[in-house]
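**Student:** data-v9.txt is the file, holding compact mmCIF, C-alpha atoms and all ligand atoms:
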# COMPACT_ATOMS: atom_id res chain seq x y z
CA MET V 1 31.02 71.71 117.33
CA ASN V 2 30.07 69.64 114.31
CA PRO V 3 26.54 69.59 112.93
CA SER V 4 24.79 66.26 112.76
CA VAL V 5 26.18 64.37 109.78
CA SER V 6 22.69 63.37 108.76
CA ALA V 7 21.59 67.01 108.69
CA PRO V 8 20.23 68.32 105.36
CA TYR V 9 22.81 69.86 103.03
CA THR V 10 22.85 73.61 103.65
CA ILE V 11 23.36 76.37 101.10
CA GLN V 12 25.72 78.26 103.38
CA PRO V 13 28.85 77.10 105.20
CA VAL V 14 27.98 75.73 108.62
CA SER V 15 30.08 78.38 110.39
CA LEU V 16 28.25 81.30 108.73
CA THR V 17 26.88 83.81 111.24
CA THR V 18 25.85 87.46 111.19
CA ALA V 19 27.82 89.90 113.33
CA GLN V 20 26.36 92.90 115.14
CA ASN V 21 27.57 95.24 112.40
CA GLY V 22 25.32 93.39 109.92
CA HIS V 23 28.21 91.65 108.17
CA TYR V 24 28.46 87.93 107.59
CA GLU V 25 31.21 86.10 109.39
CA ILE V 26 32.64 82.80 108.20
CA GLY V 27 34.82 80.80 110.55
CA SER V 28 34.26 83.70 112.99
CA ILE V 29 35.88 86.24 110.63
CA ASP V 30 34.07 89.25 109.20
CA VAL V 31 33.89 89.12 105.40
CA SER V 32 35.24 92.69 105.17
CA GLN V 33 38.22 91.63 107.25
CA LEU V 34 38.85 88.71 104.92
CA ILE V 35 38.87 91.04 101.92
CA GLN V 36 41.07 93.53 103.75
CA ASN V 37 43.57 90.80 104.57
CA HIS V 38 43.51 88.81 101.34
CA GLY V 39 42.06 91.06 98.61
CA SER V 40 39.00 90.81 96.37
CA PRO V 41 37.58 88.75 94.77
CA LEU V 42 38.26 85.94 97.18
CA TYR V 43 37.44 82.25 97.43
CA VAL V 44 36.77 81.36 101.08
CA MET V 45 36.58 77.75 102.28
CA ASP V 46 35.17 76.79 105.67
CA GLU V 47 37.14 73.97 107.27
CA GLN V 48 34.31 72.99 109.61
CA THR V 49 31.98 72.40 106.64
CA ILE V 50 34.55 70.36 104.72
CA ARG V 51 35.08 68.07 107.68
CA ALA V 52 31.32 67.73 108.32
CA ASN V 53 30.77 66.81 104.66
CA CYS V 54 33.49 64.15 104.81
CA ARG V 55 31.83 62.66 107.89
CA ALA V 56 28.44 62.72 106.18
CA TYR V 57 29.99 59.95 104.04
CA THR V 58 32.34 58.18 106.41
CA ASP V 59 30.01 57.92 109.43
CA PRO V 60 27.17 56.01 107.71
CA LEU V 61 29.67 53.96 105.74
CA LYS V 62 31.45 52.90 108.94
CA GLN V 63 28.08 51.76 110.23
CA PHE V 64 26.61 50.10 107.13
CA TYR V 65 29.62 49.11 105.02
CA PRO V 66 32.85 49.03 107.02
CA ASN V 67 35.04 47.90 104.10
CA HIS V 68 35.00 51.20 102.20
CA LEU V 69 37.08 54.07 100.89
CA VAL V 70 35.75 57.53 100.08
CA VAL V 71 37.84 59.23 97.43
CA PHE V 72 37.32 62.90 96.74
CA ALA V 73 36.87 63.74 93.05
CA ALA V 74 39.62 66.34 92.84
CA LYS V 75 38.20 67.85 89.68
CA ALA V 76 35.72 69.65 91.95
CA CYS V 77 38.50 71.60 93.70
CA MET V 78 42.11 70.81 94.26
CA THR V 79 44.76 72.36 96.44
CA VAL V 80 47.39 70.63 98.56
CA GLY V 81 45.95 72.22 101.71
CA LEU V 82 42.48 70.87 100.97
CA LEU V 83 43.83 67.38 100.30
CA ASN V 84 45.69 67.42 103.61
CA ILE V 85 42.42 68.01 105.46
CA LEU V 86 40.70 65.27 103.49
CA GLY V 87 43.59 62.95 104.35
CA GLU V 88 43.04 63.70 108.05
CA GLU V 89 39.40 62.72 107.56
CA GLY V 90 40.47 59.37 106.05
CA LEU V 91 39.55 60.17 102.45
CA GLY V 92 41.53 59.37 99.32
CA VAL V 93 41.41 61.24 96.04
CA ASP V 94 40.57 60.60 92.41
CA VAL V 95 42.69 62.43 89.87
CA VAL V 96 42.24 62.83 86.12
CA SER V 97 45.50 64.33 84.87
CA ALA V 98 49.23 64.51 85.52
CA GLY V 99 48.62 67.88 87.18
CA GLU V 100 46.08 66.50 89.62
CA LEU V 101 48.24 63.43 90.26
CA TYR V 102 51.27 65.63 90.93
CA THR V 103 49.23 67.74 93.38
CA ALA V 104 47.95 64.63 95.15
CA LEU V 105 51.48 63.27 95.50
CA LYS V 106 52.53 66.55 97.18
CA SER V 107 49.80 66.14 99.83
CA ASN V 108 49.80 63.90 102.87
CA LEU V 109 47.27 61.51 101.31
CA PRO V 110 48.46 57.91 101.36
CA VAL V 111 49.46 56.92 97.82
CA PRO V 112 47.35 53.72 97.92
CA ASN V 113 44.29 55.98 98.34
CA ILE V 114 44.82 57.72 94.99
CA LEU V 115 42.88 56.66 91.89
CA PHE V 116 43.67 57.73 88.36
CA HIS V 117 40.75 58.44 86.01
CA GLY V 118 40.37 59.89 82.52
CA ASN V 119 39.25 58.83 79.07
CA ASN V 120 42.45 59.78 77.24
CA LYS V 121 45.41 59.40 79.55
CA SER V 122 48.69 60.00 77.79
CA LEU V 123 51.52 57.46 77.89
CA GLU V 124 53.43 59.87 80.13
CA GLU V 125 50.50 60.09 82.53
CA LEU V 126 50.11 56.30 82.61
CA GLU V 127 53.82 55.87 83.25
CA MET V 128 53.68 58.39 86.09
CA ALA V 129 50.83 56.43 87.69
CA LEU V 130 52.46 53.02 87.12
CA ARG V 131 55.72 54.14 88.69
CA GLN V 132 53.81 55.07 91.87
CA SER V 133 51.65 51.90 91.81
CA ILE V 134 48.55 54.05 91.57
CA ARG V 135 45.22 52.36 90.88
CA ILE V 136 44.27 53.16 87.30
CA VAL V 137 40.63 53.27 86.25
CA VAL V 138 40.75 52.08 82.65
CA ASP V 139 38.33 53.80 80.29
CA ASN V 140 38.81 51.98 76.97
CA GLU V 141 40.63 49.25 75.05
CA GLN V 142 43.38 51.48 73.71
CA GLU V 143 44.24 52.52 77.24
CA LEU V 144 44.35 48.89 78.34
CA ASP V 145 46.70 48.09 75.45
CA ASN V 146 48.87 51.07 76.43
CA ILE V 147 49.06 49.84 80.00
CA VAL V 148 50.01 46.34 78.89
CA MET V 149 52.73 47.80 76.65
CA LEU V 150 54.06 50.03 79.46
CA THR V 151 54.10 47.29 82.10
CA GLU V 152 56.24 45.18 79.74
CA LYS V 153 58.51 48.07 78.84
CA LEU V 154 58.97 49.29 82.41
CA GLY V 155 58.87 45.91 84.15
CA LEU V 156 56.06 47.16 86.40
CA ARG V 157 52.73 45.76 87.53
CA ALA V 158 49.46 47.60 87.02
CA ARG V 159 46.51 47.63 89.43
CA ILE V 160 43.43 48.46 87.41
CA MET V 161 39.71 48.95 87.68
CA LEU V 162 37.53 48.90 84.57
CA ARG V 163 35.14 51.79 84.10
CA THR V 164 31.81 50.40 83.00
CA LYS V 165 28.74 52.16 81.68
CA PRO V 166 25.90 51.28 84.01
CA GLU V 167 23.64 52.71 81.32
CA ILE V 168 21.36 54.45 83.79
CA GLU V 169 19.55 57.68 83.01
CA ALA V 170 19.92 59.79 86.12
CA HIS V 171 17.79 62.90 86.17
CA THR V 172 20.26 65.71 85.72
CA HIS V 173 21.59 68.24 83.23
CA ASP V 174 22.72 66.82 79.88
CA TYR V 175 26.15 68.41 79.94
CA ILE V 176 27.13 66.64 83.11
CA LYS V 177 25.48 63.29 82.60
CA THR V 178 27.92 60.42 82.15
CA GLY V 179 26.06 57.21 82.86
CA GLN V 180 24.35 56.60 79.53
CA ILE V 181 25.22 54.37 76.59
CA ASP V 182 26.35 57.27 74.38
CA SER V 183 28.64 58.72 77.04
CA LYS V 184 32.27 59.25 76.10
CA PHE V 185 33.25 57.62 79.40
CA GLY V 186 33.57 53.92 80.10
CA ILE V 187 33.12 50.51 78.54
CA GLU V 188 29.77 49.22 77.28
CA ARG V 189 28.30 46.15 78.91
CA ALA V 190 28.89 44.01 75.80
CA ALA V 191 32.54 45.03 75.53
CA LEU V 192 33.48 44.43 79.17
CA MET V 193 34.23 40.70 79.29
CA PRO V 194 36.23 40.66 76.03
CA LEU V 195 38.52 43.26 77.63
CA VAL V 196 38.79 41.22 80.81
CA ARG V 197 39.73 38.12 78.79
CA LYS V 198 42.44 40.08 77.08
CA VAL V 199 44.38 40.67 80.30
CA LYS V 200 43.12 38.27 82.95
CA ASP V 201 46.05 35.87 82.51
CA ASN V 202 48.65 38.61 82.23
CA PRO V 203 50.69 38.46 85.47
CA LYS V 204 51.53 42.16 85.16
CA ILE V 205 47.88 43.26 85.16
CA HIS V 206 45.85 42.91 88.31
CA ILE V 207 42.13 43.60 87.93
CA LEU V 208 40.88 45.01 91.22
CA GLY V 209 37.29 45.51 90.14
CA LEU V 210 34.84 47.79 88.41
CA HIS V 211 34.02 51.48 88.39
CA SER V 212 30.85 53.34 87.49
CA HIS V 213 29.56 56.88 87.75
CA ILE V 214 26.02 57.86 86.80
CA GLY V 215 26.28 61.64 86.62
CA SER V 216 26.30 64.72 88.76
CA GLN V 217 23.91 66.81 90.85
CA ILE V 218 21.56 63.81 91.27
CA PHE V 219 18.63 64.38 93.62
CA ASP V 220 17.06 60.92 93.57
CA ILE V 221 18.04 57.91 95.63
CA GLU V 222 16.68 55.25 93.24
CA PRO V 223 19.43 55.63 90.61
CA TYR V 224 21.96 54.74 93.30
CA VAL V 225 19.99 51.69 94.38
CA ASP V 226 19.64 50.60 90.75
CA LEU V 227 23.33 51.24 90.26
CA ALA V 228 24.19 49.02 93.23
CA ALA V 229 22.11 46.20 91.73
CA ILE V 230 23.51 46.58 88.22
CA MET V 231 27.09 46.82 89.39
CA ALA V 232 26.63 43.84 91.71
CA GLU V 233 25.59 41.85 88.68
CA HIS V 234 28.58 43.08 86.65
CA THR V 235 30.83 42.23 89.58
CA LEU V 236 29.45 38.70 89.71
CA ARG V 237 30.12 38.26 86.00
CA LEU V 238 33.65 39.56 86.49
CA SER V 239 34.20 37.27 89.46
CA ALA V 240 33.05 34.27 87.42
CA GLU V 241 35.38 35.24 84.57
CA LEU V 242 38.38 35.74 86.89
CA GLY V 243 37.60 32.69 88.98
CA ARG V 244 38.11 34.64 92.20
CA PRO V 245 36.27 37.23 94.30
CA VAL V 246 36.44 40.79 93.05
CA GLU V 247 38.22 43.06 95.51
CA GLU V 248 36.75 46.49 94.80
CA LEU V 249 33.63 48.14 93.46
CA ASN V 250 33.50 51.87 92.81
CA LEU V 251 30.03 53.41 92.59
CA GLY V 252 31.22 56.91 91.68
CA GLY V 253 29.96 60.26 92.95
CA GLY V 254 27.27 62.68 91.93
CA ILE V 255 25.04 63.22 94.97
CA GLY V 256 23.36 66.59 94.43
CA ILE V 257 23.70 69.64 96.63
CA LYS V 258 21.53 72.62 97.45
CA TYR V 259 22.46 75.69 95.42
CA THR V 260 19.13 77.46 95.78
CA HIS V 261 16.19 77.27 98.16
CA SER V 262 14.19 75.26 95.63
CA ASP V 263 16.86 72.52 95.37
CA ASP V 264 15.93 69.48 97.43
CA PRO V 265 18.85 67.04 97.53
CA PRO V 266 18.63 63.76 99.45
CA LEU V 267 20.44 63.21 102.73
CA ILE V 268 23.83 61.71 101.97
CA SER V 269 23.24 59.18 104.74
CA ASP V 270 19.94 58.11 103.11
CA VAL V 271 21.67 57.48 99.76
CA ILE V 272 24.38 55.47 101.48
CA THR V 273 21.94 53.45 103.57
CA ALA V 274 19.75 52.54 100.59
CA MET V 275 22.64 51.85 98.25
CA THR V 276 24.65 49.70 100.65
CA GLN V 277 21.56 47.76 101.77
CA ARG V 278 20.94 46.75 98.17
CA LEU V 279 24.58 45.90 97.61
CA VAL V 280 24.77 43.71 100.71
CA GLN V 281 21.50 42.01 99.73
CA GLU V 282 22.78 41.27 96.19
CA PHE V 283 26.03 39.76 97.42
CA GLU V 284 24.75 37.94 100.48
CA SER V 285 21.92 36.29 98.57
CA ARG V 286 24.61 34.68 96.42
CA GLN V 287 26.88 33.98 99.40
CA LEU V 288 29.63 36.06 97.83
CA ARG V 289 32.27 38.11 99.57
CA LEU V 290 31.49 41.83 99.63
CA PRO V 291 34.04 43.90 97.74
CA LYS V 292 35.55 47.06 99.16
CA LEU V 293 33.10 49.84 98.28
CA ILE V 294 34.62 53.00 96.87
CA MET V 295 32.59 56.20 96.62
CA GLU V 296 33.80 59.23 94.71
CA PRO V 297 32.01 62.43 95.76
CA GLY V 298 33.29 65.80 94.60
CA ARG V 299 30.70 68.56 94.77
CA SER V 300 29.08 67.42 98.01
CA ILE V 301 32.40 67.46 99.89
CA VAL V 302 33.35 71.04 99.06
CA GLY V 303 30.33 72.78 97.46
CA ASN V 304 28.78 74.55 100.44
CA ALA V 305 32.14 74.90 102.19
CA GLY V 306 33.06 77.56 99.65
CA VAL V 307 31.81 81.07 99.04
CA THR V 308 33.09 83.74 96.70
CA LEU V 309 33.35 87.32 97.91
CA TYR V 310 33.28 90.12 95.34
CA THR V 311 33.39 93.88 95.77
CA VAL V 312 30.82 96.05 94.00
CA GLY V 313 32.70 98.49 91.74
CA ALA V 314 29.80 100.20 89.96
CA ILE V 315 26.01 100.09 89.68
CA LYS V 316 24.49 100.70 86.27
CA ASP V 317 20.79 101.48 86.27
CA ILE V 318 19.00 101.19 82.93
CA PRO V 319 15.71 102.89 83.81
CA GLY V 320 12.72 100.63 83.31
CA VAL V 321 14.95 97.76 82.13
CA LYS V 322 17.35 96.47 84.78
CA THR V 323 20.02 97.44 87.26
CA TYR V 324 23.45 95.88 86.99
CA LEU V 325 25.69 95.31 89.99
CA PHE V 326 29.21 95.15 88.59
CA VAL V 327 31.53 92.91 90.61
CA ASP V 328 35.30 92.54 90.35
CA GLY V 329 35.25 88.94 89.09
CA GLY V 330 32.81 86.89 87.01
CA MET V 331 33.25 84.30 84.31
CA SER V 332 36.97 83.78 84.93
CA ASP V 333 36.41 82.65 88.52
CA ASN V 334 32.95 81.06 88.01
CA ILE V 335 32.14 79.88 84.50
CA ARG V 336 29.23 77.66 85.53
CA PRO V 337 26.37 80.16 85.07
CA MET V 338 27.56 80.83 81.50
CA LEU V 339 28.44 77.21 80.72
CA TYR V 340 25.25 75.54 81.88
CA GLN V 341 23.03 78.20 83.39
CA ALA V 342 24.00 77.16 86.91
CA GLU V 343 22.07 78.96 89.62
CA TYR V 344 23.45 80.20 92.91
CA THR V 345 22.25 82.01 96.01
CA TYR V 346 23.47 85.60 96.35
CA ASP V 347 23.46 88.18 99.11
CA ILE V 348 25.10 91.42 100.11
CA ALA V 349 27.49 90.18 102.80
CA THR V 350 27.90 93.64 104.28
CA LYS V 351 24.11 94.05 104.62
CA ALA V 352 23.23 90.62 105.92
CA THR V 353 20.47 91.84 108.21
CA GLN V 354 18.74 93.98 105.58
CA PRO V 355 15.82 92.60 103.59
CA GLY V 356 15.99 92.16 99.83
CA THR V 357 14.17 95.10 98.22
CA LYS V 358 15.69 95.56 94.78
CA SER V 359 16.18 93.39 91.72
CA TYR V 360 19.70 93.26 90.28
CA ALA V 361 21.61 91.53 87.54
CA VAL V 362 25.03 90.65 88.93
CA ALA V 363 27.56 91.04 86.14
CA GLY V 364 31.28 90.44 85.98
CA LYS V 365 34.03 92.62 84.60
CA PHE V 366 34.95 90.59 81.52
CA CYS V 367 34.62 91.54 77.87
CA GLU V 368 31.71 89.22 77.08
CA SER V 369 28.04 90.19 77.12
CA GLY V 370 27.41 86.75 78.58
CA ASP V 371 29.53 87.54 81.64
CA VAL V 372 26.51 87.75 83.93
CA LEU V 373 26.42 85.61 87.06
CA THR V 374 22.69 86.04 87.53
CA HIS V 375 20.17 88.01 85.48
CA SER V 376 17.81 88.65 88.34
CA VAL V 377 18.19 88.44 92.07
CA THR V 378 16.50 90.41 94.82
CA LEU V 379 19.03 91.91 97.21
CA PRO V 380 19.23 94.69 99.78
CA GLU V 381 19.86 98.10 98.19
CA ALA V 382 23.55 97.93 97.25
CA GLU V 383 26.28 100.57 97.18
CA VAL V 384 29.71 100.72 95.63
CA GLY V 385 32.12 99.02 98.02
CA ASP V 386 29.59 96.49 99.31
CA VAL V 387 30.64 92.85 99.37
CA VAL V 388 28.57 90.43 97.28
CA ILE V 389 28.65 86.86 98.53
CA VAL V 390 27.91 83.88 96.30
CA PHE V 391 27.22 80.69 98.19
CA ASP V 392 28.13 77.13 97.22
CA THR V 393 31.11 78.01 95.07
CA GLY V 394 33.45 75.46 96.65
CA ALA V 395 33.06 73.00 93.77
CA TYR V 396 33.86 73.52 90.09
CA ASN V 397 34.66 77.24 90.50
CA TYR V 398 38.38 77.61 91.25
CA ALA V 399 38.85 74.27 89.46
CA MET V 400 37.33 75.70 86.26
CA SER V 401 38.80 79.18 86.58
CA SER V 402 40.74 80.84 83.77
CA ASN V 403 42.89 83.85 83.04
CA TYR V 404 40.40 85.27 80.53
CA ASN V 405 41.22 88.93 79.87
CA ARG V 406 44.47 88.18 81.70
CA ALA V 407 42.70 88.27 85.02
CA PRO V 408 44.88 86.96 87.84
CA ARG V 409 43.05 84.12 89.61
CA PRO V 410 41.76 85.08 93.08
CA ALA V 411 43.35 83.77 96.25
CA MET V 412 41.72 80.94 98.15
CA VAL V 413 41.75 80.99 101.93
CA VAL V 414 40.51 78.50 104.48
CA VAL V 415 38.90 79.79 107.65
CA LYS V 416 38.49 78.24 111.08
CA ASN V 417 37.98 79.63 114.60
CA GLY V 418 38.84 83.22 113.71
CA GLN V 419 41.95 82.28 111.69
CA SER V 420 42.40 82.42 107.92
CA ARG V 421 45.16 80.62 106.04
CA VAL V 422 46.03 80.95 102.39
CA TRP V 423 45.54 77.77 100.37
CA VAL V 424 46.21 79.39 97.01
CA GLU V 425 47.98 82.71 96.62
CA ARG V 426 46.37 85.36 94.44
CA GLU V 427 48.06 85.35 91.05
CA THR V 428 50.18 88.38 90.31
CA LEU V 429 50.60 90.29 87.06
CA ASP V 430 54.05 88.71 86.79
CA ASP V 431 52.46 85.25 87.07
CA LEU V 432 50.43 86.15 83.99
CA ILE V 433 53.48 86.75 81.81
CA ARG V 434 55.65 84.05 83.37
CA ASN V 435 55.45 81.80 80.33
CA ASP V 436 55.54 84.56 77.71
CA ARG V 437 58.69 84.65 75.61
CA TYR V 438 59.73 87.81 73.82
C1 LIG V 501 34.19 59.67 87.38
C2 LIG V 501 33.68 60.71 88.27
N1 LIG V 501 33.65 60.47 89.59
C3 LIG V 501 33.19 61.39 90.46
C4 LIG V 501 32.74 62.63 90.02
C5 LIG V 501 32.26 63.61 91.05
O1 LIG V 501 30.96 64.01 90.84
P1 LIG V 501 30.29 65.05 91.85
O2 LIG V 501 31.22 66.20 91.96
O3 LIG V 501 29.01 65.40 91.21
O4 LIG V 501 30.14 64.32 93.15
C6 LIG V 501 32.74 62.92 88.67
C7 LIG V 501 32.25 64.21 88.17
O5 LIG V 501 32.07 64.50 87.05
C8 LIG V 501 33.23 61.93 87.76
O6 LIG V 501 33.26 62.16 86.44
Starting from the coordinates I provided, produce the structure as structure tokens.

**Tutor:**
Amino acid sequence: MNPSVSAPYTIQPVSLTTAQNGHYEIGSIDVSQLIQNHGSPLYVMDEQTIRANCRAYTDPLKQFYPNHLVVFAAKACMTVGLLNILGEEGLGVDVVSAGELYTALKSNLPVPNILFHGNNKSLEELEMALRQSIRIVVDNEQELDNIVMLTEKLGLRARIMLRTKPEIEAHTHDYIKTGQIDSKFGIERAALMPLVRKVKDNPKIHILGLHSHIGSQIFDIEPYVDLAAIMAEHTLRLSAELGRPVEELNLGGGIGIKYTHSDDPPLISDVITAMTQRLVQEFESRQLRLPKLIMEPGRSIVGNAGVTLYTVGAIKDIPGVKTYLFVDGGMSDNIRPMLYQAEYTYDIATKATQPGTKSYAVAGKFCESGDVLTHSVTLPEAEVGDVVIVFDTGAYNYAMSSNYNRAPRPAMVVVKNGQSRVWVERETLDDLIRNDRY
């Protein structure tokens, strides 16, 4: 059963239930069983949620803007197994490095549905993309010059989009805002047409259209409507310059998700309806052909599909000050709380039916005072051996993980209908010294 695609974004995976023993189950598997089978800490991804999130995009798009492609921003989370599911749901992928491109090429995603992003692609990365005829989203003039040089040298043709700065201030956190004039990403409005003129008559460079992305974790619909209008105008300018219709318009990603009960993200279908209505209006009023619309969500495809399970190893009570729950992971598997004070929802997964009665700081095991996932959360009274669950860790957790303190990265498993499959094996101690030379 799939939940309604226009249902509000949940904090927990859609398959989450509570078993009679008071444990959470995900994909009909007890969290303790998952840890027993795959170890702790553990990233768990719920296949049902991933597919529902894909359809939250593709269903309204099919209805309101049939000529579309949804590409998953792989920076949020990338494994071959995940990409294969996204491919089955008709999505493509956006990649930002040779590593992500290599991973995408190993999946079953059709190569034409891969896009290559990045503000400083190396010549090797550009060559890799050109050899596979991958759409390249050009960030700056130097990159364009590099592509021209490589197409001549290799005798290949490039299919490019130009990343523009829509120069919109979306309400979000400064660290992850990319739409403004001072952003390191994209081409300013004034610089766009000179770049187009540089390559428009080059038979080896085919300009497909424009790209834009206004930021991440955006809770308002208006920035997307404004973006549609601004990018329609840019597209019209480009069309006039090229003397032909523009084939593609990419409006980026960034729709916010619900990490905590106070987060109030919009319905994905409402963003799509409002944004596409404006786009259609802008183009139809000028009797222009609608370009293919590309959307590039990351977080909202995988965020609530993922949870992290940790085991409590010790409880340190500092009387009158605070009580620490020490878990067997922390900043190496989830850097976001330390990097930009990201908030999550926590629970004791082995005491799911018990009320929260005690305030804890949940701290990791790493040699940094800052390695604290949350400084204060009310949870059921915890014991050593309990499983702590952190919701909404499907995006930007595994993707940003590290080997700090030589911690092996956790395994990632996908669950569905009582079955769990490994998507990423747990790293071993030998993996950690694999590249050491002595
Ligand atoms: C160019 C681009 N597209 C898409 C995304 C995905 O954003 P989100 O994960 O917030 O949907 C990002 C994220 O930073 C991005 O930089």

**Student:** So, counting all atoms listed in the file, which residue among V:Gln281, V:Thr311, V:Thr79, V:Gln354 is closest to Gly329 in chain V?

**Tutor:** V:Thr311

**Student:** May I ask you to write as a PDB file with C-alpha atoms, in the frame of the given file all residues lying at most 9 Å from ligand LIG 501 (chain V), with all atoms listed in the file counted?

**Tutor:**
ATOM      1  CA  VAL V  71      37.840  59.230  97.430  1.00  0.00           C
ATOM      2  CA  PHE V  72      37.320  62.900  96.740  1.00  0.00           C
ATOM      3  CA  ALA V  73      36.870  63.740  93.050  1.00  0.00           C
ATOM      4  CA  ALA V  74      39.620  66.340  92.840  1.00  0.00           C
ATOM      5  CA  LYS V  75      38.200  67.850  89.680  1.00  0.00           C
ATOM      6  CA  ALA V  76      35.720  69.650  91.950  1.00  0.00           C
ATOM      7  CA  ASP V  94      40.570  60.600  92.410  1.00  0.00           C
ATOM      8  CA  VAL V  96      42.240  62.830  86.120  1.00  0.00           C
ATOM      9  CA  HIS V 117      40.750  58.440  86.010  1.00  0.00           C
ATOM     10  CA  GLY V 118      40.370  59.890  82.520  1.00  0.00           C
ATOM     11  CA  ARG V 163      35.140  51.790  84.100  1.00  0.00           C
ATOM     12  CA  ILE V 176      27.130  66.640  83.110  1.00  0.00           C
ATOM     13  CA  LYS V 177      25.480  63.290  82.600  1.00  0.00           C
ATOM     14  CA  THR V 178      27.920  60.420  82.150  1.00  0.00           C
ATOM     15  CA  PHE V 185      33.250  57.620  79.400  1.00  0.00           C
ATOM     16  CA  HIS V 211      34.020  51.480  88.390  1.00  0.00           C
ATOM     17  CA  SER V 212      30.850  53.340  87.490  1.00  0.00           C
ATOM     18  CA  HIS V 213      29.560  56.880  87.750  1.00  0.00           C
ATOM     19  CA  ILE V 214      26.020  57.860  86.800  1.00  0.00           C
ATOM     20  CA  GLY V 215      26.280  61.640  86.620  1.00  0.00           C
ATOM     21  CA  SER V 216      26.300  64.720  88.760  1.00  0.00           C
ATOM     22  CA  GLN V 217      23.910  66.810  90.850  1.00  0.00           C
ATOM     23  CA  ILE V 218      21.560  63.810  91.270  1.00  0.00           C
ATOM     24  CA  LEU V 251      30.030  53.410  92.590  1.00  0.00           C
ATOM     25  CA  GLY V 252      31.220  56.910  91.680  1.00  0.00           C
ATOM     26  CA  GLY V 253      29.960  60.260  92.950  1.00  0.00           C
ATOM     27  CA  GLY V 254      27.270  62.680  91.930  1.00  0.00           C
ATOM     28  CA  ILE V 255      25.040  63.220  94.970  1.00  0.00           C
ATOM     29  CA  GLY V 256      23.360  66.590  94.430  1.00  0.00           C
ATOM     30  CA  ILE V 257      23.700  69.640  96.630  1.00  0.00           C
ATOM     31  CA  MET V 295      32.590  56.200  96.620  1.00  0.00           C
ATOM     32  CA  GLU V 296      33.800  59.230  94.710  1.00  0.00           C
ATOM     33  CA  PRO V 297      32.010  62.430  95.760  1.00  0.00           C
ATOM     34  CA  GLY V 298      33.290  65.800  94.600  1.00  0.00           C
ATOM     35  CA  ARG V 299      30.700  68.560  94.770  1.00  0.00           C
ATOM     36  CA  SER V 300      29.080  67.420  98.010  1.00  0.00           C
ATOM     37  CA  ILE V 301      32.400  67.460  99.890  1.00  0.00           C
ATOM     38  CA  VAL V 302      33.350  71.040  99.060  1.00  0.00           C
ATOM     39  CA  GLY V 303      30.330  72.780  97.460  1.00  0.00           C
ATOM     40  CA  ALA V 395      33.060  73.000  93.770  1.00  0.00           C
ATOM     41  CA  TYR V 396      33.860  73.520  90.090  1.00  0.00           C
TER      42      TYR V 396
END

**Student:** Write out as a list in words each polymer residue whose atoms come within 12 Å of Pro355 in chain V, counting all atoms listed in the file; drop sequence neighbours fewer than 2 positions from it.

**Tutor:**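 Surrounding residues, per the criterion: Gly22, Asp347, Ile348, Ala349, Lys351, Ala352, Thr353, Thr357, Lys358, Ser359, Thr378, Leu379, Pro380, Glu381 and Ala382 of chain V.
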
**Student:** Restricting the calculation to only C-alpha atoms, which member of V:Ile134, V:Ile335, V:Ala342, V:Leu309 is positioned closest to Lys258 in chain V?

**Tutor:**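 The answer is V:Ala342, which sits nearest to Lys258 in chain V.
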
**Student:** Can you tell me how far CA of Leu210 in chain V sits from CA of Met161 in chain V, in Å to one decimal?

**Tutor:**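 These atoms are spaced 5.1 Å apart.
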
**Student:** Edge lengths and centre in Å to one decimal, as JSON, of the axis-aligned box that encloses all listed atoms of range 383-391 of chain V with 3 Å added on every side?

**Tutor:**
{"center_x": 29.2, "center_y": 90.7, "center_z": 97.5, "size_x": 11.8, "size_y": 26.0, "size_z": 9.7}

**Student:** Give me, please, the distance in Å between CA of Val424 in chain V and CA of Met412 in chain V, quoted to one decimal.

**Tutor:**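 For CA of Val424 in chain V relative to CA of Met412 in chain V, the distance reads 4.9 Å.
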
**Student:** With distances taken over only C-alpha atoms, which residue among V:Ile230, V:Leu238, V:Tyr360, V:Phe116 lies nearest Arg197 in chain V?

**Tutor:** V:Leu238

**Student:** What is the distance between CA of Val390 in chain V and CA of Tyr344 in chain V, in Å to one decimal?

**Tutor:**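 Computing the Euclidean distance for CA of Val390 in chain V and CA of Tyr344 in chain V yields 6.7 Å.
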
**Student:** Between V:Ser332, V:Ser376, V:Thr273, V:Asn21, which is the closest to Tyr65 in chain V once you count all atoms listed in the file?

**Tutor:**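 Nearest to Tyr65 in chain V: V:Thr273.
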
**Student:** Pick from V:Glu282, V:Glu188, V:Glu25, V:Asp386: nearest to Tyr310 in chain V, with all atoms listed in the file counted?

**Tutor:** V:Asp386

**Student:** For range 231-237 of chain V, work out the shell of residues within 10 Å, counting only C-alpha atoms and skipping chain neighbours fewer than 5 positions away, then give it as JSON, numbers by chain.

**Tutor:** {"V": [164, 165, 166, 189, 192, 193, 209, 210, 211, 212, 225, 226, 242, 243, 244, 245, 246, 247, 248, 249, 250, 251, 278, 279, 280, 281, 282, 283, 286, 288, 290, 291]}

**Student:** Given only C-alpha atoms as the basis, pick out the residue of V:Val199, V:Val80, V:Ala274, V:Ile11 nearest to Glu343 in chain V.

**Tutor:**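 The shortest atom-to-atom distance to Glu343 in chain V comes from V:Ile11.
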
**Student:** Find the residues around Leu144 in chain V up to 10 Å (all atoms listed in the file counted), leave out those fewer than 2 positions away in its own chain, and share them as a ChimeraX atom specification.

**Tutor:** /V:136-142,146-150,160,162,195-196,198-199,205

**Student:** For Gly90 in chain V, please output as an MDAnalysis selection string all residues within 8 Å (counting only C-alpha atoms; exclusion window: fewer than 3 positions along the same chain).

**Tutor:** chainID V and resid 70 86:87
